[in-house]
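Peer 1: So that you have it, the file is data05.txt, and it contains compact mmCIF, C-alpha atoms:
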```txt
# COMPACT_ATOMS: atom_id res chain seq x y z
CA MET A 732 30.59 43.69 -87.39
CA GLN A 733 33.91 42.05 -86.51
CA GLY A 734 35.47 45.38 -85.49
CA GLU A 735 32.46 46.22 -83.35
CA LEU A 736 32.66 42.89 -81.53
CA VAL A 737 36.38 43.15 -80.82
CA THR A 738 35.91 46.70 -79.52
CA ALA A 739 33.09 45.60 -77.22
CA ILE A 740 35.14 42.72 -75.86
CA ALA A 741 38.15 44.96 -75.20
CA ALA A 742 35.95 47.42 -73.33
CA LEU A 743 34.71 44.63 -71.10
CA VAL A 744 38.26 43.86 -69.98
CA GLY A 745 37.86 46.94 -67.77
CA LEU A 746 34.69 45.44 -66.30
CA ALA A 747 36.51 42.20 -65.56
CA VAL A 748 39.37 44.00 -63.83
CA GLY A 749 36.90 45.94 -61.69
CA LEU A 750 35.03 42.76 -60.83
CA GLY A 751 38.22 40.96 -59.93
CA ALA A 752 39.65 43.65 -57.60
CA GLY A 753 40.34 42.08 -54.23
CA LEU A 754 39.11 38.64 -55.30
CA ALA A 755 41.11 35.44 -55.34
CA ILE A 756 42.45 34.39 -58.75
CA PRO A 757 42.60 30.60 -58.59
CA PHE A 758 44.16 29.96 -61.95
CA GLY A 759 47.13 32.30 -61.80
CA ARG A 760 47.77 35.75 -63.09
CA GLY A 761 49.01 34.88 -66.56
CA ARG A 762 47.43 33.76 -69.73
CA ALA A 763 45.18 30.73 -69.23
CA PRO A 764 46.08 27.61 -71.21
CA LEU A 765 43.72 26.99 -74.09
CA SER A 766 44.61 23.38 -74.86
CA PRO A 767 41.54 21.84 -73.13
CA ASP A 768 39.17 23.99 -75.24
CA PRO A 769 37.48 22.72 -78.40
CA PRO A 770 38.46 24.32 -81.72
CA GLN A 771 37.19 27.87 -82.23
CA PRO A 772 33.87 27.88 -84.15
CA ALA A 773 33.93 29.53 -87.52
CA ASP A 774 31.24 32.09 -86.60
CA LEU A 775 33.30 33.57 -83.75
CA PRO A 776 35.26 36.50 -85.26
CA PRO A 777 39.06 36.29 -85.01
CA GLY A 778 40.67 38.23 -82.18
CA ILE A 779 37.94 37.74 -79.60
CA ALA A 780 39.40 34.48 -78.29
CA GLU A 781 42.75 36.16 -77.61
CA VAL A 782 41.08 38.92 -75.56
CA LEU A 783 39.10 36.38 -73.52
CA ALA A 784 42.24 34.36 -72.85
CA ALA A 785 43.79 37.42 -71.18
CA LEU A 786 40.94 37.78 -68.68
CA PRO A 787 41.54 36.40 -65.17
CA SER A 788 37.87 35.47 -64.78
CA SER A 789 36.07 32.40 -66.02
CA ALA A 790 34.75 33.73 -69.34
CA VAL A 791 32.00 32.36 -71.59
CA VAL A 792 30.57 33.75 -74.85
CA LEU A 793 27.06 32.60 -75.79
CA ASP A 794 25.52 32.91 -79.25
CA PRO A 795 21.86 33.92 -79.84
CA ALA A 796 20.84 30.25 -79.47
CA ASP A 797 22.59 29.95 -76.05
CA ARG A 798 25.31 27.82 -77.59
CA VAL A 799 28.79 28.27 -76.10
CA LEU A 800 31.01 29.86 -78.75
CA ARG A 801 33.97 30.25 -76.48
CA ALA A 802 34.79 29.27 -72.89
CA SER A 803 37.99 29.78 -70.97
CA SER A 804 39.76 26.80 -69.47
CA ALA A 805 38.82 28.11 -66.01
CA ALA A 806 35.11 27.99 -66.88
CA ARG A 807 35.48 24.37 -67.96
CA ALA A 808 37.60 23.41 -64.96
CA TYR A 809 34.98 24.80 -62.56
CA GLY A 810 32.22 22.86 -64.35
CA ILE A 811 30.39 25.98 -65.54
CA VAL A 812 30.62 24.79 -69.14
CA ARG A 813 30.40 21.28 -70.54
CA GLY A 814 30.92 20.82 -74.24
CA GLU A 815 28.94 23.64 -75.89
CA GLU A 816 26.47 24.05 -73.02
CA LEU A 817 26.34 26.51 -70.11
CA VAL A 818 25.19 24.10 -67.40
CA ILE A 819 24.37 26.56 -64.60
CA GLY A 820 20.66 27.30 -65.01
CA ASP A 821 20.75 30.61 -63.13
CA LEU A 822 23.53 31.91 -65.38
CA LEU A 823 21.70 30.82 -68.51
CA ALA A 824 18.51 32.60 -67.39
CA LEU A 825 20.50 35.73 -66.59
CA ALA A 826 22.18 35.67 -70.01
CA ARG A 827 18.77 35.49 -71.71
CA HIS A 828 17.55 38.53 -69.76
CA VAL A 829 20.66 40.47 -70.75
CA ARG A 830 20.27 39.52 -74.41
CA ARG A 831 16.63 40.60 -74.32
CA ASP A 832 17.00 44.08 -72.76
CA GLY A 833 20.73 44.83 -73.20
CA VAL A 834 21.22 45.71 -69.51
CA ILE A 835 24.41 44.55 -67.78
CA ARG A 836 23.61 42.44 -64.73
CA GLU A 837 25.60 41.30 -61.70
CA THR A 838 24.89 38.58 -59.18
CA GLU A 839 26.49 35.96 -56.93
CA ILE A 840 26.02 32.22 -57.31
CA GLU A 841 27.09 29.03 -55.56
CA VAL A 842 28.30 26.22 -57.82
CA ALA A 843 28.48 22.68 -56.44
CA VAL A 844 29.60 20.84 -59.56
CA ARG A 845 33.36 20.86 -58.96
CA LYS A 846 35.02 17.51 -58.46
CA PHE A 847 37.76 18.94 -56.24
CA GLY A 848 38.21 21.66 -53.62
CA PRO A 849 35.42 22.85 -51.30
CA ASP A 850 31.87 21.51 -51.35
CA SER A 851 30.76 24.55 -53.32
CA THR A 852 32.36 27.52 -55.01
CA SER A 853 31.07 31.06 -54.70
CA PHE A 854 31.23 33.25 -57.81
CA ALA A 855 30.72 36.94 -58.41
CA VAL A 856 29.12 37.12 -61.86
CA ARG A 857 28.76 39.88 -64.44
CA VAL A 858 26.82 39.33 -67.68
CA ALA A 859 26.96 41.85 -70.56
CA PRO A 860 25.74 42.03 -74.17
CA LEU A 861 28.30 42.28 -76.98
CA GLY A 862 27.45 45.03 -79.46
CA GLY A 863 23.81 44.18 -80.09
CA THR A 864 24.68 41.04 -82.07
CA GLY A 865 22.93 38.62 -79.76
CA LEU A 866 26.22 37.46 -78.31
CA VAL A 867 26.47 37.57 -74.51
CA LEU A 868 29.60 37.57 -72.35
CA VAL A 869 29.49 35.87 -68.94
CA LEU A 870 32.31 36.60 -66.49
CA ALA A 871 32.49 34.58 -63.25
CA GLU A 872 35.14 35.29 -60.60
CA ASP A 873 35.84 32.74 -57.85
CA GLN A 874 35.39 34.57 -54.55
CA THR A 875 35.36 31.55 -52.22
CA GLU A 876 38.70 32.33 -50.65
CA ARG A 877 37.91 36.01 -50.25
CA LEU A 878 34.66 35.21 -48.44
CA ARG A 879 36.48 32.76 -46.19
CA VAL A 880 39.12 35.33 -45.31
CA GLU A 881 36.44 37.93 -44.61
CA ALA A 882 34.66 35.52 -42.27
CA VAL A 883 37.92 34.79 -40.44
CA ARG A 884 38.62 38.52 -40.19
CA ARG A 885 35.16 39.21 -38.74
CA ASP A 886 35.57 36.47 -36.18
CA PHE A 887 39.02 37.74 -35.31
CA VAL A 888 37.81 41.31 -34.76
CA ALA A 889 34.90 40.10 -32.62
CA ASN A 890 37.14 37.86 -30.53
CA ILE A 891 39.94 40.35 -29.99
CA SER A 892 37.42 43.04 -29.10
CA HIS A 893 36.09 40.75 -26.37
CA GLU A 894 39.57 39.78 -25.18
CA LEU A 895 40.66 43.41 -24.85
CA LYS A 896 37.35 44.66 -23.47
CA THR A 897 37.41 42.27 -20.50
CA PRO A 898 40.70 43.36 -18.85
CA VAL A 899 40.22 47.02 -19.80
CA GLY A 900 36.76 47.02 -18.22
CA ALA A 901 38.11 45.29 -15.12
CA LEU A 902 40.91 47.86 -14.79
CA SER A 903 38.42 50.71 -15.03
CA LEU A 904 36.16 49.18 -12.40
CA LEU A 905 39.05 48.43 -10.05
CA ALA A 906 40.35 51.99 -10.40
CA GLU A 907 36.95 53.35 -9.37
CA THR A 908 36.83 50.93 -6.44
CA ILE A 909 40.27 51.99 -5.23
CA SER A 910 39.21 55.62 -5.41
CA ASP A 911 36.18 54.88 -3.23
CA ALA A 912 38.29 52.83 -0.77
CA SER A 913 41.20 55.26 -0.54
CA ASP A 914 40.90 55.36 3.25
CA ASP A 915 41.20 51.58 3.57
CA PRO A 916 44.86 50.54 2.98
CA GLU A 917 44.06 46.83 3.04
CA ALA A 918 41.39 47.20 0.37
CA VAL A 919 43.72 49.34 -1.74
CA ARG A 920 46.42 46.65 -1.59
CA ARG A 921 43.92 43.94 -2.53
CA PHE A 922 42.50 45.86 -5.48
CA THR A 923 45.88 47.01 -6.79
CA GLY A 924 46.93 43.35 -6.83
CA ARG A 925 43.90 42.60 -8.99
CA MET A 926 44.80 45.52 -11.25
CA GLN A 927 48.27 44.10 -11.73
CA GLN A 928 46.77 40.75 -12.73
CA GLU A 929 44.44 42.34 -15.30
CA ALA A 930 47.25 44.51 -16.65
CA GLY A 931 49.39 41.40 -17.03
CA ARG A 932 46.58 39.65 -18.87
CA LEU A 933 46.24 42.62 -21.23
CA THR A 934 49.98 42.56 -21.85
CA HIS A 935 49.88 38.84 -22.70
CA VAL A 936 47.05 39.36 -25.20
CA ILE A 937 48.89 42.19 -26.93
CA GLN A 938 52.19 40.28 -27.03
CA ASP A 939 50.51 37.20 -28.47
CA LEU A 940 48.81 39.34 -31.11
CA ILE A 941 52.15 40.88 -32.07
CA THR A 942 53.76 37.43 -32.32
CA LEU A 943 50.89 35.99 -34.36
CA SER A 944 50.86 39.00 -36.68
CA ARG A 945 54.59 38.68 -37.28
CA ILE A 946 54.56 35.00 -38.17
CA GLN A 947 51.42 35.31 -40.30
CA GLY A 948 52.55 38.38 -42.20
CA ALA A 949 55.05 38.95 -44.95
CA GLU A 950 57.90 39.71 -42.56
CA PRO A 951 60.68 37.26 -43.39
CA MET A 952 62.05 34.93 -40.75
CA ALA A 953 65.56 35.35 -39.47
CA GLU A 954 68.18 33.39 -41.35
CA PRO A 955 67.75 29.80 -40.13
CA ALA A 956 70.50 28.46 -37.94
CA GLU A 957 71.32 25.19 -36.23
CA VAL A 958 69.35 25.07 -32.97
CA GLU A 959 70.15 22.78 -30.04
CA VAL A 960 67.01 20.99 -28.94
CA ASP A 961 68.19 20.65 -25.32
CA ALA A 962 68.66 24.42 -25.06
CA VAL A 963 65.12 25.10 -26.32
CA ILE A 964 63.66 22.59 -23.86
CA GLU A 965 65.59 24.04 -20.91
CA GLU A 966 64.51 27.58 -21.78
CA ALA A 967 60.85 26.56 -22.00
CA LEU A 968 60.96 24.75 -18.65
CA ASP A 969 62.69 27.66 -16.93
CA THR A 970 59.86 30.04 -17.86
CA VAL A 971 57.19 27.88 -16.16
CA ARG A 972 59.16 26.56 -13.20
CA THR A 973 57.74 29.07 -10.72
CA ALA A 974 54.15 28.39 -11.77
CA ALA A 975 54.78 24.63 -11.67
CA ASP A 976 56.34 24.83 -8.19
CA ALA A 977 53.29 26.71 -6.92
CA LYS A 978 51.13 23.72 -7.92
CA ARG A 979 53.79 21.17 -6.88
CA ILE A 980 53.96 19.92 -10.47
CA GLU A 981 57.07 17.92 -11.34
CA LEU A 982 58.85 19.01 -14.52
CA ALA A 983 60.89 16.24 -16.13
CA SER A 984 63.08 16.21 -19.20
CA GLY A 985 65.68 13.88 -20.65
CA ASP A 986 68.89 14.44 -22.56
CA SER A 987 68.14 14.53 -26.29
CA GLY A 988 71.62 13.27 -27.12
CA GLY A 989 72.67 16.48 -28.83
CA LEU A 990 69.83 16.67 -31.37
CA THR A 991 69.66 19.79 -33.51
CA VAL A 992 67.18 21.29 -35.96
CA MET A 993 67.37 24.14 -38.46
CA GLY A 994 65.28 27.20 -37.72
CA ASP A 995 64.70 30.30 -35.64
CA GLU A 996 65.63 29.53 -32.02
CA GLY A 997 63.41 32.31 -30.64
CA LEU A 998 60.30 31.08 -32.46
CA LEU A 999 60.93 27.44 -31.58
CA ALA A 1000 61.37 28.40 -27.93
CA THR A 1001 58.08 30.34 -28.10
CA ALA A 1002 56.25 27.32 -29.54
CA LEU A 1003 57.55 24.93 -26.88
CA ARG A 1004 57.02 27.49 -24.10
CA ASN A 1005 53.35 27.85 -25.10
CA LEU A 1006 52.86 24.08 -24.95
CA VAL A 1007 54.54 23.75 -21.55
CA SER A 1008 52.62 26.76 -20.17
CA ASN A 1009 49.34 25.19 -21.26
CA ALA A 1010 50.33 21.90 -19.64
CA VAL A 1011 50.99 23.63 -16.32
CA ALA A 1012 47.81 25.71 -16.51
CA TYR A 1013 45.55 22.74 -17.21
CA SER A 1014 47.17 20.16 -14.94
CA PRO A 1015 46.00 19.41 -11.38
CA LYS A 1016 48.32 19.86 -8.43
CA GLN A 1017 50.95 17.25 -7.67
CA THR A 1018 51.07 15.83 -11.20
CA ARG A 1019 53.91 15.40 -13.68
CA ILE A 1020 54.82 17.07 -16.97
CA SER A 1021 57.54 15.54 -19.14
CA VAL A 1022 59.31 17.01 -22.16
CA THR A 1023 61.18 14.54 -24.35
CA ALA A 1024 62.94 14.65 -27.71
CA GLU A 1025 63.80 11.87 -30.12
CA GLU A 1026 64.90 11.41 -33.71
CA THR A 1027 62.88 9.29 -36.11
CA GLU A 1028 63.68 8.31 -39.69
CA SER A 1029 62.19 11.53 -41.04
CA ALA A 1030 61.99 14.06 -38.21
CA VAL A 1031 62.97 15.30 -34.79
CA GLU A 1032 60.04 15.07 -32.39
CA ILE A 1033 59.69 17.13 -29.22
CA SER A 1034 56.79 16.00 -27.03
CA VAL A 1035 55.10 17.60 -24.02
CA ALA A 1036 53.05 15.11 -22.00
CA ASP A 1037 50.89 16.03 -19.01
CA GLN A 1038 48.43 14.38 -16.63
CA GLY A 1039 45.87 17.12 -16.98
CA ILE A 1040 42.15 17.28 -17.66
CA GLY A 1041 42.46 16.18 -21.29
CA ILE A 1042 40.60 17.46 -24.34
CA PRO A 1043 37.17 16.18 -25.53
CA PRO A 1044 37.32 14.45 -28.95
CA GLN A 1045 34.99 16.99 -30.56
CA ASP A 1046 37.39 19.80 -29.69
CA LEU A 1047 40.63 18.25 -30.91
CA GLU A 1048 40.27 19.51 -34.49
CA ARG A 1049 39.61 23.10 -33.38
CA ILE A 1050 42.08 23.74 -30.58
CA PHE A 1051 44.61 25.32 -32.97
CA GLU A 1052 42.12 27.98 -34.08
CA ARG A 1053 42.70 31.51 -32.82
CA PHE A 1054 40.78 32.24 -29.61
CA TYR A 1055 39.19 28.78 -29.51
CA ARG A 1056 38.87 27.48 -25.97
CA VAL A 1057 37.71 24.08 -24.78
CA ASP A 1058 36.61 25.55 -21.44
CA ALA A 1059 36.18 29.32 -21.57
CA ALA A 1060 35.55 29.65 -17.84
CA ARG A 1061 38.75 27.78 -16.98
CA SER A 1062 40.69 29.82 -19.53
CA ARG A 1063 39.65 33.02 -17.76
CA GLU A 1064 40.90 31.56 -14.49
CA THR A 1065 44.26 30.60 -15.98
CA GLY A 1066 44.64 33.89 -17.84
CA GLY A 1067 45.00 32.27 -21.26
CA THR A 1068 44.54 34.38 -24.40
CA GLY A 1069 43.36 31.61 -26.71
CA LEU A 1070 46.19 32.40 -29.13
CA GLY A 1071 48.96 30.14 -27.84
CA LEU A 1072 48.19 27.05 -29.90
CA ALA A 1073 47.50 29.10 -33.03
CA ILE A 1074 50.96 30.60 -32.63
CA VAL A 1075 52.46 27.12 -32.23
CA LYS A 1076 50.79 25.92 -35.42
CA HIS A 1077 52.05 28.86 -37.50
CA ILE A 1078 55.57 28.55 -36.14
CA MET A 1079 55.62 24.90 -37.17
CA THR A 1080 54.36 25.82 -40.63
CA HIS A 1081 57.20 28.30 -40.98
CA HIS A 1082 59.66 25.53 -40.17
CA ARG A 1083 58.10 22.99 -42.55
CA GLY A 1084 57.01 21.00 -39.55
CA GLU A 1085 53.75 20.21 -37.80
CA VAL A 1086 52.19 20.01 -34.36
CA THR A 1087 50.02 17.04 -33.40
CA VAL A 1088 48.04 16.18 -30.30
CA TRP A 1089 46.87 13.05 -28.52
CA SER A 1090 44.48 13.46 -25.63
CA LYS A 1091 42.08 11.53 -23.44
CA GLU A 1092 39.70 13.18 -21.02
CA GLY A 1093 40.80 12.63 -17.44
CA SER A 1094 44.14 11.13 -18.48
CA GLY A 1095 46.05 14.03 -19.99
CA SER A 1096 47.40 15.22 -23.32
CA THR A 1097 50.56 14.90 -25.38
CA PHE A 1098 51.50 17.62 -27.87
CA THR A 1099 54.29 16.84 -30.33
CA LEU A 1100 56.35 19.24 -32.41
CA ARG A 1101 57.64 17.42 -35.48
CA LEU A 1102 60.53 19.15 -37.30
CA PRO A 1103 62.74 18.09 -40.23
CA ARG A 1104 66.10 16.70 -39.20
CA THR A 1105 69.06 19.04 -39.64
CA GLU A 1106 70.46 17.06 -42.55
CA ASP A 1107 67.06 17.01 -44.28
CA ALA A 1108 66.00 20.59 -43.65
CA ASP A 1109 66.20 23.21 -46.37
CA ARG A 1110 68.32 26.23 -45.46
CA SER A 1111 65.30 28.51 -45.68
CA PRO A 1112 62.16 27.42 -43.77
CA ALA A 1113 58.83 27.97 -45.48
CA HIS A 1114 57.07 31.27 -45.01
CA ALA A 1115 53.40 30.78 -44.42
CA GLY A 1116 50.62 33.22 -43.82
```
Can you give me the file's structure in the form of structure tokens?

Peer 2:
Amino acid sequence: MQGELVTAIAALVGLAVGLGAGLAIPFGRGRAPLSPDPPQPADLPPGIAEVLAALPSSAVVLDPADRVLRASSAARAYGIVRGEELVIGDLLALARHVRRDGVIRETEIEVAVRKFGPDSTSFAVRVAPLGGTGLVLVLAEDQTERLRVEAVRRDFVANISHELKTPVGALSLLAETISDASDDPEAVRRFTGRMQQEAGRLTHVIQDLITLSRIQGAEPMAEPAEVEVDAVIEEALDTVRTAADAKRIELASGDSGGLTVMGDEGLLATALRNLVSNAVAYSPKQTRISVTAEETESAVEISVADQGIGIPPQDLERIFERFYRVDAARSRETGGTGLGLAIVKHIMTHHRGEVTVWSKEGSGSTFTLRLPRTEDADRSPAHAG
């Protein structure tokens, strides 16, 4: 019987690999530590424990009396097993069905017994009999992260489809209108101006997508170099000066005293430029925007303060999400893509820094880029997805 059991277990490794394809593996890719497990019971044939230890899934072997003969450390860490008991009722019922009719079953369950991590953990489960001995193998793969990524991907596709559909549809409509008004030069000039605006908006969306894809992907950053903070600030202000002048917005900046940070100058300039552009877009006419830099005990802080409309408290935690807008109607007027702040956040992550925001409705907002000081920064900024 021992040979039959070991053979059955080995065959189920293939099932586990198939189940785990594309799923997150929370406890690493190597052999799981067995130290937290109780001693192996005498009635579990030798060799089976070693096979189970090689599986990436949470693995549990139940005897004919539903007693746990073997459980991986992952199964215990997730709270699926306590002592010699399988504590998830749905899994226990499924194991009994499998033992009774010998049919392999698959399902998904939510487990809310973990003491850390998310409120609940989603598992893809496969339960199989072992050689007609009454033993049952339960494999549970954590798919919480995969489901989260899929949800983000769906939202992203829906949002980008909308963002691209709007200017493309407007361009098509304007082209038809120009064709109908070909004998009216004034109308043609007016509509071609609108077409240029929509084409510019489409270009901004595509460029932001390219930037976000680059900093979220596996593409390595350029070799970090010493970056002058004053140069980054001046570059960011230069790009918005025309738009600010049109609204009679004063742009103010002070001398940072020669502060430097380690990083990619192009990405840092992009992050600050996005913040300053937002400040101009959401500030009333004849107001003031200031960009300042200072060194603290642990960081270099670059702040952009405006006297704009401010951000409601309920929106503060979400403004760094891709495509999230506090006021969608106003964003359409300003031509924003909804990606600027998400780009800022990822750039800061790459540089082992952070972006924070203070805001009060009707009073304005202050966004702060916090970066490690040059002498504290590692020579290779973190790569984050």

Peer 1: For the point (55.3, 15.1, -23.4) in the file's frame, write as a list in words all residues with an atom no more than 7 Å away, counting all atoms listed in the file.

Peer 2: Ile1020, Ser1021, Val1022, Thr1023, Ser1034, Val1035, Ala1036, Asp1037, Thr1097 and Phe1098 of chain A

Peer 1: Extract, using all atoms listed in the file, all DNA, RNA and protein residues at most 12 Å from region 832-840 of chain A, discarding same-chain residues fewer than 6 positions from it, and format them as a ChimeraX atom specification.

Peer 2: /A:743,746-747,750,811,819-822,824-826,851-875,878

Peer 1: Take the residues just selected and output them with C-alpha atoms as a short mmCIF file (atom, residue, chain, number, x, y, z; two decimals), in the frame of the given file.

Peer 2:
```cif
data_model
loop_
_atom_site.label_atom_id
_atom_site.label_comp_id
_atom_site.auth_asym_id
_atom_site.auth_seq_id
_atom_site.Cartn_x
_atom_site.Cartn_y
_atom_site.Cartn_z
CA LEU A 743 34.71 44.63 -71.10
CA LEU A 746 34.69 45.44 -66.30
CA ALA A 747 36.51 42.20 -65.56
CA LEU A 750 35.03 42.76 -60.83
CA ILE A 811 30.39 25.98 -65.54
CA ILE A 819 24.37 26.56 -64.60
CA GLY A 820 20.66 27.30 -65.01
CA ASP A 821 20.75 30.61 -63.13
CA LEU A 822 23.53 31.91 -65.38
CA ALA A 824 18.51 32.60 -67.39
CA LEU A 825 20.50 35.73 -66.59
CA ALA A 826 22.18 35.67 -70.01
CA SER A 851 30.76 24.55 -53.32
CA THR A 852 32.36 27.52 -55.01
CA SER A 853 31.07 31.06 -54.70
CA PHE A 854 31.23 33.25 -57.81
CA ALA A 855 30.72 36.94 -58.41
CA VAL A 856 29.12 37.12 -61.86
CA ARG A 857 28.76 39.88 -64.44
CA VAL A 858 26.82 39.33 -67.68
CA ALA A 859 26.96 41.85 -70.56
CA PRO A 860 25.74 42.03 -74.17
CA LEU A 861 28.30 42.28 -76.98
CA GLY A 862 27.45 45.03 -79.46
CA GLY A 863 23.81 44.18 -80.09
CA THR A 864 24.68 41.04 -82.07
CA GLY A 865 22.93 38.62 -79.76
CA LEU A 866 26.22 37.46 -78.31
CA VAL A 867 26.47 37.57 -74.51
CA LEU A 868 29.60 37.57 -72.35
CA VAL A 869 29.49 35.87 -68.94
CA LEU A 870 32.31 36.60 -66.49
CA ALA A 871 32.49 34.58 -63.25
CA GLU A 872 35.14 35.29 -60.60
CA ASP A 873 35.84 32.74 -57.85
CA GLN A 874 35.39 34.57 -54.55
CA THR A 875 35.36 31.55 -52.22
CA LEU A 878 34.66 35.21 -48.44
#
```

Peer 1: Report, in Å with one decimal, the straight-line distance from CA of Ala1002 (chain A) to CA of Ile1078 (chain A).

Peer 2: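 It comes out at 6.7 Å.
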
Peer 1: Considering all atoms listed in the file, return as a PyMOL selection string whatever protein or nucleic-acid residues lie within 8 Å of Ala1024 (chain A), sequence-local ones (same chain, fewer than 6 positions apart) excluded.

Peer 2: chain A and resi 960+985-987+1031-1034

Peer 1: Which residues come within 10 Å of Pro898 (chain A), counting only C-alpha atoms, excluding same-chain residues fewer than 5 positions away, as a PyMOL selection string?

Peer 2: chain A and resi 893+903-904+926+928-934+936

Peer 1: For Ala974 (chain A), find every residue with an atom within 12 Å (counting all atoms listed in the file), except residues of its own chain fewer than 4 positions away, and show them as a list in words.

Peer 2: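 Neighbouring residues, sequence-local ones excluded: Leu968, Asp969, Thr970, Lys978, Arg979, Ile980, Glu981, Leu982, Val1007, Ser1008, Asn1009, Ala1010, Val1011, Ala1012, Tyr1013, Ser1014, Lys1016 and Thr1065 of chain A.
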
Peer 1: With only C-alpha atoms as the basis for distance, which of A:Val829, A:Met993, A:Leu1070, A:Val958 is at the shortest distance from Ile937 (chain A)?

Peer 2: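 Among A:Val829, A:Met993, A:Leu1070, A:Val958, it is A:Leu1070 that comes nearest to Ile937 (chain A).
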
Peer 1: Determine the nearest neighbour of Ala901 (chain A) from the options A:Ser913, A:Thr923, A:Ser984, A:Thr942, counting all atoms listed in the file.

Peer 2: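 That would be A:Thr923, the residue with the smallest distance to Ala901 (chain A).
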
Peer 1: Have a look at CA of Ala962 (chain A) and CA of Leu1100 (chain A) and let me know their distance in Å, one decimal.

Peer 2: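 These two atoms are separated by 15.2 Å.
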
Peer 1: I need the residue nearest Val1075 (chain A) from this list: A:Leu1047, A:Leu902, A:Val818, A:Ile946. Use all atoms listed in the file for the distance.

Peer 2: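 Once distances to Val1075 (chain A) are computed over all atoms listed in the file, the minimum belongs to A:Ile946.
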
Peer 1: Could you tell me how far CA of Arg1004 (chain A) lies from CA of Arg972 (chain A), in Å and to one decimal?

Peer 2: 11.1 Å
